[in-house]
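Colleague: You'll find protein_26.cif just under this line, and it carries mmCIF, C-alpha atoms.
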```
data_my_file
loop_
_atom_site.label_atom_id
_atom_site.label_comp_id
_atom_site.auth_asym_id
_atom_site.auth_seq_id
_atom_site.Cartn_x
_atom_site.Cartn_y
_atom_site.Cartn_z
CA MET A 7 0.00 0.00 0.00
CA SER A 8 1.31 3.41 -0.91
CA CYS A 9 1.97 5.91 1.86
CA GLY A 10 0.15 8.61 -0.01
CA PHE A 11 0.01 9.91 -3.51
CA VAL A 12 2.28 11.49 -6.04
CA ILE A 13 0.86 14.18 -8.26
CA ASN A 14 2.47 16.10 -11.08
CA VAL A 15 1.01 19.59 -11.48
CA ALA A 16 1.53 21.50 -14.69
CA PHE A 17 2.79 25.06 -14.58
CA GLY A 18 -0.15 27.34 -15.41
CA ASP A 19 -0.50 30.79 -16.98
CA SER A 20 -1.45 32.34 -13.63
CA GLN A 21 2.00 31.44 -12.30
CA ASP A 22 4.06 33.32 -14.93
CA SER A 23 5.70 35.51 -12.29
CA HIS A 24 7.18 32.42 -10.73
CA LYS A 25 8.56 30.89 -13.94
CA SER A 26 12.20 31.75 -13.29
CA ARG A 27 11.93 30.27 -9.79
CA VAL A 28 10.34 27.10 -11.16
CA ASP A 29 13.12 26.77 -13.74
CA SER A 30 15.73 26.74 -10.99
CA LEU A 31 13.80 24.24 -8.85
CA LYS A 32 13.61 21.36 -11.29
CA ASN A 33 13.36 17.79 -10.06
CA ALA A 34 11.62 18.81 -6.85
CA ILE A 35 9.60 16.81 -4.36
CA ILE A 36 7.42 17.94 -1.47
CA VAL A 37 6.82 15.34 1.24
CA TYR A 38 4.49 16.09 4.13
CA TYR A 39 2.37 14.80 6.96
CA SER A 40 -0.96 16.46 7.75
CA ARG A 41 -3.63 15.70 10.33
CA THR A 42 -5.92 18.72 9.97
CA LEU A 43 -5.06 19.42 6.29
CA ASN A 44 -3.39 22.75 7.14
CA THR A 45 0.00 21.38 6.08
CA HIS A 46 -1.66 19.62 3.12
CA ILE A 47 -3.04 22.93 1.83
CA LEU A 48 0.34 24.64 2.12
CA ALA A 49 2.12 21.73 0.42
CA LYS A 50 -0.39 21.73 -2.46
CA TYR A 51 0.01 25.49 -2.90
CA LEU A 52 3.78 25.18 -2.95
CA GLN A 53 3.50 22.49 -5.60
CA SER A 54 1.29 24.81 -7.69
CA LEU A 55 4.22 27.25 -7.71
CA ILE A 56 7.17 24.95 -8.33
CA GLY A 57 5.66 21.81 -9.82
CA GLY A 58 7.37 18.54 -9.01
CA ASP A 59 6.08 15.57 -7.06
CA LEU A 60 3.92 15.64 -3.96
CA VAL A 61 3.86 12.79 -1.42
CA ARG A 62 1.73 12.57 1.70
CA ILE A 63 3.02 10.08 4.25
CA GLN A 64 0.77 8.27 6.69
CA THR A 65 1.42 6.22 9.79
CA ALA A 66 0.74 2.48 9.92
CA GLU A 67 -1.63 3.14 12.84
CA ASN A 68 -3.81 6.21 12.98
CA TYR A 69 -3.33 8.74 15.73
CA PRO A 70 -6.24 9.30 18.15
CA ALA A 71 -9.02 11.49 16.82
CA ASN A 72 -9.19 13.28 20.17
CA TYR A 73 -6.81 16.26 20.19
CA GLN A 74 -5.71 15.94 23.84
CA ARG A 75 -4.96 12.24 23.43
CA LEU A 76 -2.93 13.07 20.32
CA VAL A 77 -0.91 15.65 22.26
CA GLU A 78 -0.21 13.17 25.04
CA LEU A 79 0.77 10.33 22.69
CA SER A 80 3.01 12.44 20.46
CA ALA A 81 4.72 13.96 23.52
CA GLN A 82 5.37 10.47 24.86
CA GLN A 83 6.74 9.31 21.50
CA SER A 84 9.12 12.27 21.35
CA ALA A 85 10.23 11.83 24.97
CA ASP A 86 10.87 8.10 24.48
CA GLY A 87 12.54 8.51 21.07
CA ILE A 88 9.86 6.45 19.35
CA PHE A 89 9.70 6.57 15.56
CA PRO A 90 6.17 5.43 14.61
CA PRO A 91 6.05 2.99 11.67
CA LEU A 92 4.80 4.47 8.41
CA GLN A 93 2.59 2.85 5.83
CA PRO A 94 4.80 1.12 3.25
CA TYR A 95 6.05 3.35 0.47
CA ALA A 96 8.54 3.28 -2.38
CA LEU A 97 10.29 6.63 -2.20
CA ASP A 98 13.96 7.43 -2.70
CA LEU A 99 14.55 11.07 -1.86
CA ARG A 100 18.15 10.81 -3.03
CA GLY A 101 16.93 11.02 -6.64
CA TYR A 102 15.66 14.59 -6.23
CA ASP A 103 17.60 17.84 -6.52
CA ASN A 104 15.20 19.90 -4.40
CA ILE A 105 13.60 18.25 -1.39
CA PHE A 106 10.92 19.97 0.70
CA ILE A 107 9.71 18.36 3.91
CA ALA A 108 6.58 19.88 5.48
CA THR A 109 5.60 19.06 9.03
CA PRO A 110 3.18 20.35 11.63
CA LEU A 111 4.70 21.41 14.94
CA TRP A 112 3.59 19.06 17.72
CA ASN A 113 4.62 19.80 21.30
CA GLY A 114 7.27 22.23 20.05
CA ASP A 115 8.86 19.61 17.77
CA ILE A 116 8.53 18.15 14.29
CA CYS A 117 5.81 15.52 14.35
CA PRO A 118 6.93 11.91 14.99
CA PRO A 119 5.84 10.63 11.53
CA ILE A 120 8.21 13.11 9.87
CA LYS A 121 10.95 12.02 12.25
CA SER A 122 10.37 8.45 11.06
CA LEU A 123 10.66 9.58 7.44
CA LEU A 124 13.84 11.59 8.00
CA ARG A 125 15.45 8.82 10.04
CA GLY A 126 15.25 6.49 7.06
CA ALA A 127 15.99 9.05 4.35
CA ASN A 128 19.75 8.34 4.06
CA LEU A 129 20.42 11.62 2.24
CA GLY A 130 24.10 11.91 3.04
CA ASP A 131 25.21 15.50 2.49
CA LYS A 132 22.09 16.52 0.56
CA ALA A 133 20.16 19.32 2.30
CA ILE A 134 16.39 19.57 2.58
CA SER A 135 14.18 22.64 2.79
CA LEU A 136 12.14 22.35 5.98
CA ILE A 137 8.61 23.75 6.26
CA ILE A 138 7.18 23.89 9.78
CA THR A 139 3.51 24.74 10.17
CA SER A 140 2.22 25.88 13.55
CA ALA A 141 -0.19 28.06 15.47
CA GLY A 142 2.49 30.69 16.02
CA PHE A 143 4.18 29.31 19.12
CA GLY A 144 7.70 29.50 17.73
CA LEU A 145 9.88 26.69 16.39
CA GLY A 146 10.63 25.02 19.71
CA VAL A 147 13.22 22.27 19.25
CA SER A 148 11.96 21.34 15.78
CA VAL A 149 14.96 22.57 13.80
CA ASP A 150 17.45 20.95 16.20
CA SER A 151 15.50 17.68 15.98
CA ALA A 152 15.55 17.74 12.19
CA LYS A 153 19.27 18.56 12.12
CA LYS A 154 19.98 15.40 14.10
CA LEU A 155 18.49 13.39 11.24
CA VAL A 156 19.33 15.27 8.02
CA LYS A 157 21.12 18.35 6.73
CA ILE A 158 18.85 21.41 6.72
CA GLY A 159 18.97 24.19 4.14
CA SER A 160 16.22 26.82 4.12
CA ILE A 161 13.45 26.91 6.72
CA LEU A 162 9.91 28.24 6.40
CA ASP A 163 8.20 28.90 9.74
CA TYR A 164 4.56 29.17 8.68
CA GLU A 165 1.80 30.19 11.10
CA PHE A 166 -1.86 29.27 10.61
CA SER A 167 -4.49 31.32 12.44
CA GLU A 168 -6.85 28.32 12.50
CA TYR A 169 -5.59 25.30 14.43
CA GLU A 170 -7.00 22.20 16.06
CA LYS A 171 -6.70 23.31 19.69
CA ILE A 172 -9.28 26.05 19.13
CA LEU A 173 -11.15 24.38 16.25
CA PRO A 174 -11.69 20.65 16.93
CA ASN A 175 -13.48 20.31 13.58
CA LEU A 176 -10.63 21.96 11.61
CA ARG A 177 -10.17 19.02 9.27
CA VAL A 178 -13.84 19.20 8.24
CA LEU A 179 -13.57 22.97 7.72
CA ASN A 180 -10.48 22.49 5.56
CA GLU A 181 -12.18 19.75 3.54
CA SER A 182 -14.98 22.22 2.86
CA LYS A 183 -12.52 24.93 1.75
CA ILE A 184 -10.81 22.46 -0.57
CA ALA A 185 -14.15 21.38 -2.07
CA GLN A 186 -15.06 25.03 -2.69
CA ASN A 187 -11.64 25.88 -4.19
CA LYS A 188 -11.03 28.34 -1.34
CA ALA A 189 -8.19 26.49 0.38
CA TYR A 190 -5.50 28.98 -0.71
CA ASP A 191 -7.46 32.16 0.04
CA ALA A 192 -6.03 32.81 3.51
CA LEU A 193 -2.44 31.74 2.79
CA ASP A 194 0.35 34.29 3.18
CA LYS A 195 1.50 34.00 -0.42
CA ASP A 196 4.23 36.66 -0.05
CA LYS A 197 5.83 34.75 2.80
CA ILE A 198 5.85 31.56 0.75
CA ALA A 199 7.28 33.36 -2.29
CA ASN A 200 10.02 34.91 -0.14
CA PHE A 201 10.88 31.46 1.19
CA LEU A 202 11.38 30.21 -2.37
CA THR A 203 13.89 32.97 -3.09
CA ARG A 204 16.13 31.52 -0.35
CA ILE A 205 16.28 28.01 -1.81
#
```
Using the file provided, produce a representation of the structure as structure tokens.

Modeller:
Amino acid sequence: MSCGFVINVAFGDSQDSHKSRVDSLKNAIIVYYSRTLNTHILAKYLQSLIGGDLVRIQTAENYPANYQRLVELSAQQSADGIFPPLQPYALDLRGYDNIFIATPLWNGDICPPIKSLLRGANLGDKAISLIITSAGFGLGVSVDSAKKLVKIGSILDYEFSEYEKILPNLRVLNESKIAQNKAYDALDKDKIANFLTRI
């Protein structure tokens, strides 16, 4: 069973201003984990700008639906150094020139599923671009955690104003935005574009 999906998105006329950036980011991949679809929306938008492949990883066992139980479990996993098993996938990141890893911030750290991915990435000296999505509580130890597993290049610290702690039904709300083609409306597109200039 695949861990997610890979989608190739064509470069459209509305993205002409980004053409030179796309040309310099050939052979790109964006890999992400998303519970509420916040990180999914950002990853999809980034792909609309640069093209390339998009892969969503998933854990072998689902995390609890209850937010507080999720917080407790993920904190325990991080404290105990547990790398949760992922659904089987065939993905060799070493074959890409530009690698973007997008992760939500859980308990001030990159989420355990992304840790599992990075632990097995075997990228050698190849750097990744790290995208951390959060509710605006800072980066915590996330960058240090990632650096223990892979080499880090550029970092995008992206804050969402809507997050699960205050909106327990956030996933449903995001599904509705996606269905209505409104998922990108509230994104800080300038911040994302500025991030791409640092790659």

Colleague: Need the shell around region 38-40 of chain A: protein/DNA/RNA residues with any atom at most 6 Å away, counting all atoms listed in the file. Skip same-chain ones fewer than 5 positions apart. Format as a list of chain:residue names?

Modeller: A:Thr45, A:His46, A:Arg62, A:Ile63, A:Ile107, A:Ala108, A:Thr109

Colleague: Enumerate, as a list in words, the residues matched when the PyMOL selection byres ((chain A and resi 83) around 12) is run on the file above.

Modeller: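 Evaluating the PyMOL selection byres ((chain A and resi 83) around 12) on this file yields Tyr69, Leu76, Val77, Glu78, Leu79, Ser80, Ala81, Gln82, Ser84, Ala85, Asp86, Gly87, Ile88, Phe89, Pro90, Pro91, Trp112, Asn113, Asp115, Ile116, Cys117, Pro118, Pro119, Lys121 and Ser122 of chain A.
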
Colleague: Looking at only C-alpha atoms, which of A:Gly57, A:Gly126, A:Gly142, A:Pro70 is the one that sits closest to Asp98 (chain A)?

Modeller: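 Nearest to Asp98 (chain A): A:Gly126.
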
Colleague: So, counting all atoms listed in the file, which residue among A:Tyr95, A:Phe106, A:Tyr73, A:Tyr51 is closest to Ile172 (chain A)?

Modeller: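 Selected residue with least distance to Ile172 (chain A): A:Tyr73.
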
Colleague: Here's the selection I'm unsure about, the PyMOL selection byres ((chain A and resi 176-193) around 12); applied to the file above, which residues does it give, as a PyMOL selection string?

Modeller: chain A and resi 40-52+54+71+73+139+164-175+194-199

Colleague: Hey, can you check how far CA of Gly159 (chain A) sits from CA of Phe143 (chain A)?

Modeller: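 Calculated distance between CA of Gly159 (chain A) and CA of Phe143 (chain A) is 21.7 Å.
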
Colleague: Calculate how many Å separate CA of Leu55 (chain A) from CA of Val149 (chain A), rounding to one decimal.

Modeller: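 Separation of CA of Leu55 (chain A) and CA of Val149 (chain A): 24.5 Å.
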
Colleague: So how many Å separate CA of Pro94 (chain A) and CA of Val61 (chain A), to one decimal?

Modeller: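 Here the two named atoms are 12.6 Å from each other.
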
Colleague: Tell me which of A:Leu92, A:Leu60, A:Leu111, A:Ile105 sits closest to Gly146 (chain A), counting only C-alpha atoms.

Modeller: A:Leu111

Colleague: Using only C-alpha atoms, determine which residues lie at most 12 Å from Ile134 (chain A), disregarding the query and same-chain residues fewer than 3 positions distant; provide the list as a PyMOL selection string.

Modeller: chain A and resi 34-37+99-100+102-108+124+127-131+137+149+152-153+155-162+205

Colleague: Taking C-alpha atoms for each residue, export the selection above as a CSV table (one decimal), in the coordinates of the input.

Modeller:
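The result, written out as result-v4.csv:
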```csv
chain,number,residue,atom,x,y,z
A,34,ALA,CA,11.6,18.8,-6.8
A,35,ILE,CA,9.6,16.8,-4.4
A,36,ILE,CA,7.4,17.9,-1.5
A,37,VAL,CA,6.8,15.3,1.2
A,99,LEU,CA,14.6,11.1,-1.9
A,100,ARG,CA,18.2,10.8,-3.0
A,102,TYR,CA,15.7,14.6,-6.2
A,103,ASP,CA,17.6,17.8,-6.5
A,104,ASN,CA,15.2,19.9,-4.4
A,105,ILE,CA,13.6,18.2,-1.4
A,106,PHE,CA,10.9,20.0,0.7
A,107,ILE,CA,9.7,18.4,3.9
A,108,ALA,CA,6.6,19.9,5.5
A,124,LEU,CA,13.8,11.6,8.0
A,127,ALA,CA,16.0,9.0,4.4
A,128,ASN,CA,19.8,8.3,4.1
A,129,LEU,CA,20.4,11.6,2.2
A,130,GLY,CA,24.1,11.9,3.0
A,131,ASP,CA,25.2,15.5,2.5
A,137,ILE,CA,8.6,23.8,6.3
A,149,VAL,CA,15.0,22.6,13.8
A,152,ALA,CA,15.6,17.7,12.2
A,153,LYS,CA,19.3,18.6,12.1
A,155,LEU,CA,18.5,13.4,11.2
A,156,VAL,CA,19.3,15.3,8.0
A,157,LYS,CA,21.1,18.4,6.7
A,158,ILE,CA,18.8,21.4,6.7
A,159,GLY,CA,19.0,24.2,4.1
A,160,SER,CA,16.2,26.8,4.1
A,161,ILE,CA,13.4,26.9,6.7
A,162,LEU,CA,9.9,28.2,6.4
A,205,ILE,CA,16.3,28.0,-1.8
```
